[in-house]
Amino acid sequence: MLITQIIMKQIRDYPIVTTLSIAVGTVLASEVIWKLVQCSRSKREKASRVHEVIVFNELGEICAAAHMRNNGIGSQKPHMSPCCNAHCSLRNVAKIAEQIDRAVYSIDLAIFTFSSLSLADALKRALQRGVIIRIISDGEMVYCTGSQITMLAQLGVPVRVPITTNLMHNKFCIIDGVERVEEIRLLRKLKWMRPCYSIVISGSLNWTAQGLGGNWENCIITADEKLTATFQAEFQRMWRSFGKTEASRIQPK
Ligand SMILES: [Zn+2]
């Protein structure tokens with residue numbers, strides 16, 4: 001018997017009790033749905049309000065040995081186990097990776113040196129989700145030992161560098177920049193867009209083992225609209241300006 005038939009029979013047999021039950025059930029269900037919507041909205045709003053400074057200093061590595069131990073003997077990778085070190089380098093790196101993991105449409109990275117395996121893994125995860133990544137780096141440092149840029153280039157990420165001896169010394173990353181997301185929307189003729197938020201990550205920090213654990217560095221993560229738009233515009237300008245270098249594909253030397 002169909003559910004509607006059962007309900008109709010119940011209404012006929014017990015009209016008041018059944019009607020009241022349906023009314024209470026409907027109210028409770030709508031309340032649960034409303035709470036779920038509010039929860040999801042508050043999570044998105046919290047993500048879009050990010051505005052913080054991360055500092056790396058001499059205290060960042062004092063918990064490193066404990067993280068290695070917690071990941072098991074012989075492991076090469078530190079584990080993000082609970083840690084009470086307010087300057088924990090590992091947690092700082094995880095904060096940057098968390099923003100990369102939030103990317104929906106685009107990641108534009110301008111970086112002088114990039115050898116961090118953790119952040120390279122975050123970019124690989126983004127690629128697997130279909131996020132479009134572009135990288136601008138320095139003409140010399142793109143080939144430095146352990147460069148993750150050449151690895152990402154081999155995975156199909158377009159990389160451009162300036163043709164000059166001046167340094168491309170920027171260190172910034174724009175995630176889902178408004179201008180870039182709009183460009184992707186038009187390129188892909190997308191009718192429906194998923195919610196996403198522009199974030200910029202910038203500071204003195206190179207994405208290297210030394211920079212992420214040892215040096216004194218700073219890194220700002222912000223969703224400020226004006227800052228993200230300004231960084232995005234500069235990335236777009238550099239990308240066009242360095243256009244010729246992409247033809248000579250970046251390969252490991
Ligand atoms: Zn720690």
# chains A, B, ... in the order shown; residues from 1 in each chain; ligands from 1

call {"tool": "residues_near_ligand", "arguments": {"ligand": "ligand 1", "cutoff": "7 Å", "atoms": "only C-alpha atoms and all ligand atoms", "output": "short mmCIF file (atom, residue, chain, number, x, y, z; two decimals) with all heavy atoms, in the first residue's frame"}}
result
data_model
loop_
_atom_site.label_atom_id
_atom_site.label_comp_id
_atom_site.auth_asym_id
_atom_site.auth_seq_id
_atom_site.Cartn_x
_atom_site.Cartn_y
_atom_site.Cartn_z
N CYS A 63 57.81 22.04 18.70
CA CYS A 63 56.93 20.89 18.85
C CYS A 63 57.08 19.91 17.68
O CYS A 63 56.36 18.92 17.59
CB CYS A 63 55.47 21.37 18.92
SG CYS A 63 55.06 22.48 17.59
N ALA A 64 58.03 20.19 16.77
CA ALA A 64 58.16 19.38 15.55
C ALA A 64 58.46 17.92 15.87
O ALA A 64 57.87 17.01 15.26
CB ALA A 64 59.24 19.96 14.65
N HIS A 67 55.42 16.04 16.90
CA HIS A 67 54.54 15.73 15.76
C HIS A 67 55.07 14.53 14.98
O HIS A 67 54.29 13.69 14.54
CB HIS A 67 54.45 16.94 14.82
CG HIS A 67 53.63 18.07 15.38
ND1 HIS A 67 52.32 17.95 15.73
CD2 HIS A 67 53.96 19.37 15.65
CE1 HIS A 67 51.86 19.11 16.19
NE2 HIS A 67 52.84 19.98 16.15
N CYS A 83 48.27 20.24 19.52
CA CYS A 83 49.53 20.88 19.91
C CYS A 83 49.19 22.20 20.61
O CYS A 83 48.31 22.93 20.18
CB CYS A 83 50.33 21.13 18.63
SG CYS A 83 51.68 22.24 18.84
N CYS A 84 49.89 22.49 21.72
CA CYS A 84 49.56 23.72 22.46
C CYS A 84 50.56 24.84 22.16
O CYS A 84 50.53 25.88 22.81
CB CYS A 84 49.47 23.44 23.95
SG CYS A 84 50.97 22.72 24.60
N ASN A 85 51.43 24.62 21.19
CA ASN A 85 52.40 25.67 20.81
C ASN A 85 51.70 26.74 19.96
O ASN A 85 51.28 26.47 18.83
CB ASN A 85 53.55 25.02 20.03
CG ASN A 85 54.55 26.06 19.55
OD1 ASN A 85 54.48 27.24 19.91
ND2 ASN A 85 55.47 25.62 18.71
N CYS A 88 53.14 27.18 16.46
CA CYS A 88 53.41 25.91 15.74
C CYS A 88 53.47 26.11 14.22
O CYS A 88 52.49 26.51 13.59
CB CYS A 88 52.31 24.91 16.09
SG CYS A 88 52.44 23.37 15.18
N SER A 89 54.64 25.82 13.64
CA SER A 89 54.82 25.97 12.19
C SER A 89 53.87 25.07 11.42
O SER A 89 53.31 25.45 10.39
CB SER A 89 56.26 25.62 11.79
OG SER A 89 57.14 26.52 12.36
N LEU A 90 53.72 23.85 11.95
CA LEU A 90 52.87 22.88 11.26
C LEU A 90 51.42 23.37 11.16
O LEU A 90 50.77 23.25 10.12
CB LEU A 90 52.92 21.55 12.03
CG LEU A 90 52.51 20.30 11.27
CD1 LEU A 90 53.36 20.12 10.03
CD2 LEU A 90 52.61 19.09 12.17
N ARG A 91 50.94 23.95 12.27
CA ARG A 91 49.56 24.47 12.25
C ARG A 91 49.46 25.66 11.29
O ARG A 91 48.47 25.83 10.59
CB ARG A 91 49.11 24.88 13.66
CG ARG A 91 47.59 25.10 13.70
CD ARG A 91 47.09 25.63 15.02
NE ARG A 91 47.50 24.84 16.14
CZ ARG A 91 48.25 25.31 17.16
NH1 ARG A 91 48.64 26.57 17.18
NH2 ARG A 91 48.61 24.53 18.15
#

call {"tool": "residues_around", "arguments": {"residues": "Thr113 (chain A)", "least_positions_apart": "4", "cutoff": "9 Å", "atoms": "only C-alpha atoms", "output": "ChimeraX atom specification"}}
result
/A:137-138,141-144,147-149,169,171,206-208

call {"tool": "write_last_selection", "arguments": {"atoms": "C-alpha atoms", "output": "PDB file, in the first residue's frame"}}
result
ATOM      1  CA  SER A 137      57.650  32.556 -10.638  1.00  0.00           C
ATOM      2  CA  ASP A 138      61.181  33.797 -10.990  1.00  0.00           C
ATOM      3  CA  MET A 141      64.345  30.146  -8.920  1.00  0.00           C
ATOM      4  CA  VAL A 142      61.716  28.172 -10.797  1.00  0.00           C
ATOM      5  CA  TYR A 143      64.479  25.578 -11.313  1.00  0.00           C
ATOM      6  CA  CYS A 144      65.858  25.574  -7.751  1.00  0.00           C
ATOM      7  CA  SER A 147      61.155  23.081  -6.952  1.00  0.00           C
ATOM      8  CA  GLN A 148      57.503  22.026  -6.849  1.00  0.00           C
ATOM      9  CA  ILE A 149      56.759  24.405  -9.705  1.00  0.00           C
ATOM     10  CA  HIS A 169      60.113  38.486  -5.862  1.00  0.00           C
ATOM     11  CA  LYS A 171      54.819  35.961  -2.742  1.00  0.00           C
ATOM     12  CA  ASN A 206      58.329  31.783   0.368  1.00  0.00           C
ATOM     13  CA  TRP A 207      56.683  28.362   0.239  1.00  0.00           C
ATOM     14  CA  THR A 208      59.841  26.489   1.228  1.00  0.00           C
TER      15      THR A 208
END

call {"tool": "select_by_dssp", "arguments": {"residues": "region 62-115 of chain A", "states": "alpha helix (DSSP H)", "output": "tab-separated table (two decimals) with C-alpha atoms, in the first residue's frame"}}
result
chain	number	residue	atom	x	y	z
A	64	ALA	CA	58.16	19.38	15.55
A	65	ALA	CA	59.75	16.30	17.16
A	66	ALA	CA	56.51	15.51	19.01
A	67	HIS	CA	54.54	15.73	15.76
A	68	MET	CA	57.00	13.35	14.08
A	69	ARG	CA	56.76	10.89	17.01
A	70	ASN	CA	52.96	11.01	16.96
A	89	SER	CA	54.82	25.97	12.19
A	90	LEU	CA	52.87	22.88	11.26
A	91	ARG	CA	49.56	24.47	12.25
A	92	ASN	CA	50.50	27.62	10.33
A	93	VAL	CA	51.16	25.59	7.19
A	94	ALA	CA	47.85	23.78	7.74
A	95	LYS	CA	46.07	27.16	7.81
A	96	ILE	CA	47.45	28.01	4.37
A	97	ALA	CA	46.61	24.53	3.06
A	98	GLU	CA	43.08	24.93	4.45
A	99	GLN	CA	42.55	28.01	2.28
A	100	ILE	CA	43.88	26.19	-0.79
A	101	ASP	CA	41.49	23.33	0.00

call {"tool": "closest_atom_pairs", "arguments": {"of": "region 71-185 of chain A", "to": "region 191-200 of chain A", "cutoff": "9 Å", "atoms": "only C-alpha atoms", "output": "tab-separated table"}}
result
residue	atom	partner	partner_atom	distance
A:Gln99	CA	A:Ile199	CA	7.8
A:Arg102	CA	A:Cys196	CA	8.2
A:Ala103	CA	A:Cys196	CA	7.4
A:Val104	CA	A:Cys196	CA	6.2
A:Tyr105	CA	A:Cys196	CA	7.9
A:Phe172	CA	A:Val200	CA	6.9
A:Cys173	CA	A:Val200	CA	5.6
A:Ile174	CA	A:Val200	CA	4.5
A:Ile175	CA	A:Ile199	CA	5.1
A:Asp176	CA	A:Ser198	CA	4.8
A:Gly177	CA	A:Ser198	CA	4.7
A:Val178	CA	A:Ser198	CA	6.4
A:Arg185	CA	A:Lys191	CA	7.8

call {"tool": "closest_residue", "arguments": {"among": "A:Ile33, A:Val53, A:Met8, A:Val131", "to": "Ile221 (chain A)", "atoms": "only C-alpha atoms"}}
result
A:Val53

call {"tool": "atom_distance", "arguments": {"atom1": "CA of Thr150 (chain A)", "atom2": "CA of Ile135 (chain A)"}}
result
10.4 Å

call {"tool": "residues_around", "arguments": {"residues": "Pro158 (chain A)", "least_positions_apart": "2", "cutoff": "7 Å", "atoms": "only C-alpha atoms", "output": "number ranges by chain"}}
result
A: 134-135, 153, 156, 160, 246

call {"tool": "atom_distance", "arguments": {"atom1": "CA of Asn57 (chain A)", "atom2": "CA of Leu109 (chain A)"}}
result
23.5 Å

call {"tool": "closest_residue", "arguments": {"among": "A:Ala209, A:Leu36, A:Ile201, A:Val17", "to": "Ala223 (chain A)", "atoms": "only C-alpha atoms"}}
result
A:Ile201

call {"tool": "atom_distance", "arguments": {"atom1": "CA of Leu155 (chain A)", "atom2": "CA of Arg129 (chain A)"}}
result
13.7 Å

call {"tool": "residues_around", "arguments": {"residues": "Val161 (chain A)", "least_positions_apart": "4", "cutoff": "10 Å", "atoms": "only C-alpha atoms", "output": "ChimeraX atom specification"}}
result
/A:110,112,135-142,167-168,238-239,241-246,250

call {"tool": "residues_around", "arguments": {"residues": "Trp216 (chain A)", "least_positions_apart": "2", "cutoff": "10 Å", "atoms": "only C-alpha atoms", "output": "PDB file with all heavy atoms, in the first residue's frame"}}
result
ATOM      1  N   VAL A  55      52.411  34.355  11.863  1.00  0.00           N
ATOM      2  CA  VAL A  55      53.844  34.643  11.959  1.00  0.00           C
ATOM      3  C   VAL A  55      54.620  33.346  12.147  1.00  0.00           C
ATOM      4  O   VAL A  55      54.170  32.429  12.824  1.00  0.00           O
ATOM      5  CB  VAL A  55      54.174  35.623  13.109  1.00  0.00           C
ATOM      6  CG1 VAL A  55      53.651  37.005  12.798  1.00  0.00           C
ATOM      7  CG2 VAL A  55      53.640  35.122  14.442  1.00  0.00           C
ATOM      8  N   PHE A  56      55.757  33.294  11.504  1.00  0.00           N
ATOM      9  CA  PHE A  56      56.681  32.168  11.661  1.00  0.00           C
ATOM     10  C   PHE A  56      57.897  32.719  12.404  1.00  0.00           C
ATOM     11  O   PHE A  56      58.426  33.773  12.037  1.00  0.00           O
ATOM     12  CB  PHE A  56      57.101  31.627  10.295  1.00  0.00           C
ATOM     13  CG  PHE A  56      55.972  30.955   9.546  1.00  0.00           C
ATOM     14  CD1 PHE A  56      55.049  31.713   8.837  1.00  0.00           C
ATOM     15  CD2 PHE A  56      55.836  29.576   9.551  1.00  0.00           C
ATOM     16  CE1 PHE A  56      54.009  31.101   8.145  1.00  0.00           C
ATOM     17  CE2 PHE A  56      54.799  28.959   8.862  1.00  0.00           C
ATOM     18  CZ  PHE A  56      53.884  29.724   8.157  1.00  0.00           C
ATOM     19  N   ASN A  57      58.322  32.003  13.442  1.00  0.00           N
ATOM     20  CA  ASN A  57      59.473  32.476  14.217  1.00  0.00           C
ATOM     21  C   ASN A  57      60.231  31.302  14.836  1.00  0.00           C
ATOM     22  O   ASN A  57      59.945  30.138  14.519  1.00  0.00           O
ATOM     23  CB  ASN A  57      59.027  33.487  15.290  1.00  0.00           C
ATOM     24  CG  ASN A  57      57.995  32.898  16.228  1.00  0.00           C
ATOM     25  OD1 ASN A  57      58.010  31.695  16.506  1.00  0.00           O
ATOM     26  ND2 ASN A  57      57.082  33.736  16.704  1.00  0.00           N
ATOM     27  N   GLU A  58      61.187  31.631  15.728  1.00  0.00           N
ATOM     28  CA  GLU A  58      62.058  30.597  16.286  1.00  0.00           C
ATOM     29  C   GLU A  58      61.315  29.612  17.194  1.00  0.00           C
ATOM     30  O   GLU A  58      61.864  28.571  17.553  1.00  0.00           O
ATOM     31  CB  GLU A  58      63.226  31.255  17.051  1.00  0.00           C
ATOM     32  CG  GLU A  58      62.876  31.852  18.415  1.00  0.00           C
ATOM     33  CD  GLU A  58      62.229  33.234  18.333  1.00  0.00           C
ATOM     34  OE1 GLU A  58      61.801  33.638  17.246  1.00  0.00           O
ATOM     35  OE2 GLU A  58      62.148  33.895  19.385  1.00  0.00           O
ATOM     36  N   LEU A  59      60.063  29.929  17.568  1.00  0.00           N
ATOM     37  CA  LEU A  59      59.302  29.039  18.450  1.00  0.00           C
ATOM     38  C   LEU A  59      58.463  28.017  17.667  1.00  0.00           C
ATOM     39  O   LEU A  59      57.871  27.112  18.254  1.00  0.00           O
ATOM     40  CB  LEU A  59      58.367  29.874  19.348  1.00  0.00           C
ATOM     41  CG  LEU A  59      59.066  30.928  20.216  1.00  0.00           C
ATOM     42  CD1 LEU A  59      58.044  31.790  20.941  1.00  0.00           C
ATOM     43  CD2 LEU A  59      59.996  30.253  21.211  1.00  0.00           C
ATOM     44  N   GLY A  60      58.428  28.187  16.362  1.00  0.00           N
ATOM     45  CA  GLY A  60      57.530  27.359  15.549  1.00  0.00           C
ATOM     46  C   GLY A  60      57.893  25.894  15.494  1.00  0.00           C
ATOM     47  O   GLY A  60      57.028  25.042  15.283  1.00  0.00           O
ATOM     48  N   SER A 204      55.957  37.878   3.588  1.00  0.00           N
ATOM     49  CA  SER A 204      57.375  37.693   3.268  1.00  0.00           C
ATOM     50  C   SER A 204      57.679  36.244   2.912  1.00  0.00           C
ATOM     51  O   SER A 204      58.753  35.932   2.413  1.00  0.00           O
ATOM     52  CB  SER A 204      58.224  38.095   4.479  1.00  0.00           C
ATOM     53  OG  SER A 204      57.970  37.213   5.561  1.00  0.00           O
ATOM     54  N   LEU A 205      56.713  35.395   3.159  1.00  0.00           N
ATOM     55  CA  LEU A 205      56.930  33.948   3.144  1.00  0.00           C
ATOM     56  C   LEU A 205      57.057  33.334   1.752  1.00  0.00           C
ATOM     57  O   LEU A 205      56.160  33.426   0.922  1.00  0.00           O
ATOM     58  CB  LEU A 205      55.734  33.299   3.854  1.00  0.00           C
ATOM     59  CG  LEU A 205      55.742  31.792   4.028  1.00  0.00           C
ATOM     60  CD1 LEU A 205      56.762  31.398   5.071  1.00  0.00           C
ATOM     61  CD2 LEU A 205      54.353  31.321   4.416  1.00  0.00           C
ATOM     62  N   GLN A 210      62.429  26.012   4.600  1.00  0.00           N
ATOM     63  CA  GLN A 210      63.108  27.009   5.433  1.00  0.00           C
ATOM     64  C   GLN A 210      62.151  28.139   5.827  1.00  0.00           C
ATOM     65  O   GLN A 210      62.108  28.571   6.970  1.00  0.00           O
ATOM     66  CB  GLN A 210      64.299  27.579   4.648  1.00  0.00           C
ATOM     67  CG  GLN A 210      65.198  28.516   5.438  1.00  0.00           C
ATOM     68  CD  GLN A 210      65.985  27.798   6.533  1.00  0.00           C
ATOM     69  OE1 GLN A 210      66.246  26.603   6.419  1.00  0.00           O
ATOM     70  NE2 GLN A 210      66.332  28.514   7.579  1.00  0.00           N
ATOM     71  N   GLY A 211      61.358  28.575   4.851  1.00  0.00           N
ATOM     72  CA  GLY A 211      60.423  29.665   5.118  1.00  0.00           C
ATOM     73  C   GLY A 211      59.301  29.248   6.061  1.00  0.00           C
ATOM     74  O   GLY A 211      58.878  30.013   6.923  1.00  0.00           O
ATOM     75  N   LEU A 212      58.861  27.996   5.910  1.00  0.00           N
ATOM     76  CA  LEU A 212      57.728  27.532   6.712  1.00  0.00           C
ATOM     77  C   LEU A 212      58.139  26.957   8.057  1.00  0.00           C
ATOM     78  O   LEU A 212      57.295  26.555   8.844  1.00  0.00           O
ATOM     79  CB  LEU A 212      56.950  26.464   5.918  1.00  0.00           C
ATOM     80  CG  LEU A 212      56.277  26.975   4.642  1.00  0.00           C
ATOM     81  CD1 LEU A 212      55.908  25.825   3.723  1.00  0.00           C
ATOM     82  CD2 LEU A 212      55.040  27.789   4.967  1.00  0.00           C
ATOM     83  N   GLY A 213      59.409  26.892   8.329  1.00  0.00           N
ATOM     84  CA  GLY A 213      59.843  26.353   9.619  1.00  0.00           C
ATOM     85  C   GLY A 213      61.293  26.671   9.886  1.00  0.00           C
ATOM     86  O   GLY A 213      62.164  25.858   9.626  1.00  0.00           O
ATOM     87  N   GLY A 214      61.559  27.845  10.404  1.00  0.00           N
ATOM     88  CA  GLY A 214      62.944  28.223  10.708  1.00  0.00           C
ATOM     89  C   GLY A 214      63.135  29.718  10.593  1.00  0.00           C
ATOM     90  O   GLY A 214      63.647  30.362  11.503  1.00  0.00           O
ATOM     91  N   ASN A 218      56.250  36.504   7.885  1.00  0.00           N
ATOM     92  CA  ASN A 218      54.849  36.823   8.160  1.00  0.00           C
ATOM     93  C   ASN A 218      54.013  36.510   6.935  1.00  0.00           C
ATOM     94  O   ASN A 218      54.522  36.484   5.808  1.00  0.00           O
ATOM     95  CB  ASN A 218      54.676  38.304   8.528  1.00  0.00           C
ATOM     96  CG  ASN A 218      54.887  39.196   7.324  1.00  0.00           C
ATOM     97  OD1 ASN A 218      53.989  39.338   6.496  1.00  0.00           O
ATOM     98  ND2 ASN A 218      56.061  39.775   7.198  1.00  0.00           N
TER      99      ASN A 218
END

call {"tool": "closest_residue", "arguments": {"among": "A:Asn166, A:Glu179, A:Ala122, A:Glu31", "to": "Thr228 (chain A)", "atoms": "only C-alpha atoms"}}
result
A:Glu179

call {"tool": "select_by_dssp", "arguments": {"residues": "region 151-210 of chain A", "states": "strand (DSSP E)", "output": "VMD selection string"}}
result
chain A and resid 159 to 160 171 to 175 199 to 203

call {"tool": "closest_residue", "arguments": {"among": "A:Ser30, A:Asn215, A:Thr19, A:Ser116", "to": "Met151 (chain A)", "atoms": "only C-alpha atoms"}}
result
A:Ser116

call {"tool": "residues_around", "arguments": {"residues": "Lys124 (chain A)", "least_positions_apart": "4", "cutoff": "8 Å", "atoms": "only C-alpha atoms", "output": "list of chain:residue names"}}
result
A:Ala120, A:Gln128, A:Leu152

call {"tool": "write_last_selection", "arguments": {"atoms": "N, CA and C atoms", "output": "CSV table (one decimal), in the first residue's frame"}}
result
chain,number,residue,atom,x,y,z
A,120,ALA,N,52.4,21.8,-2.0
A,120,ALA,CA,52.3,21.2,-3.3
A,120,ALA,C,51.2,20.2,-3.3
A,128,GLN,N,42.9,18.1,-8.7
A,128,GLN,CA,42.0,17.0,-8.8
A,128,GLN,C,40.5,17.4,-8.7
A,152,LEU,N,54.6,20.7,-10.8
A,152,LEU,CA,53.2,21.1,-11.1
A,152,LEU,C,53.1,21.4,-12.6
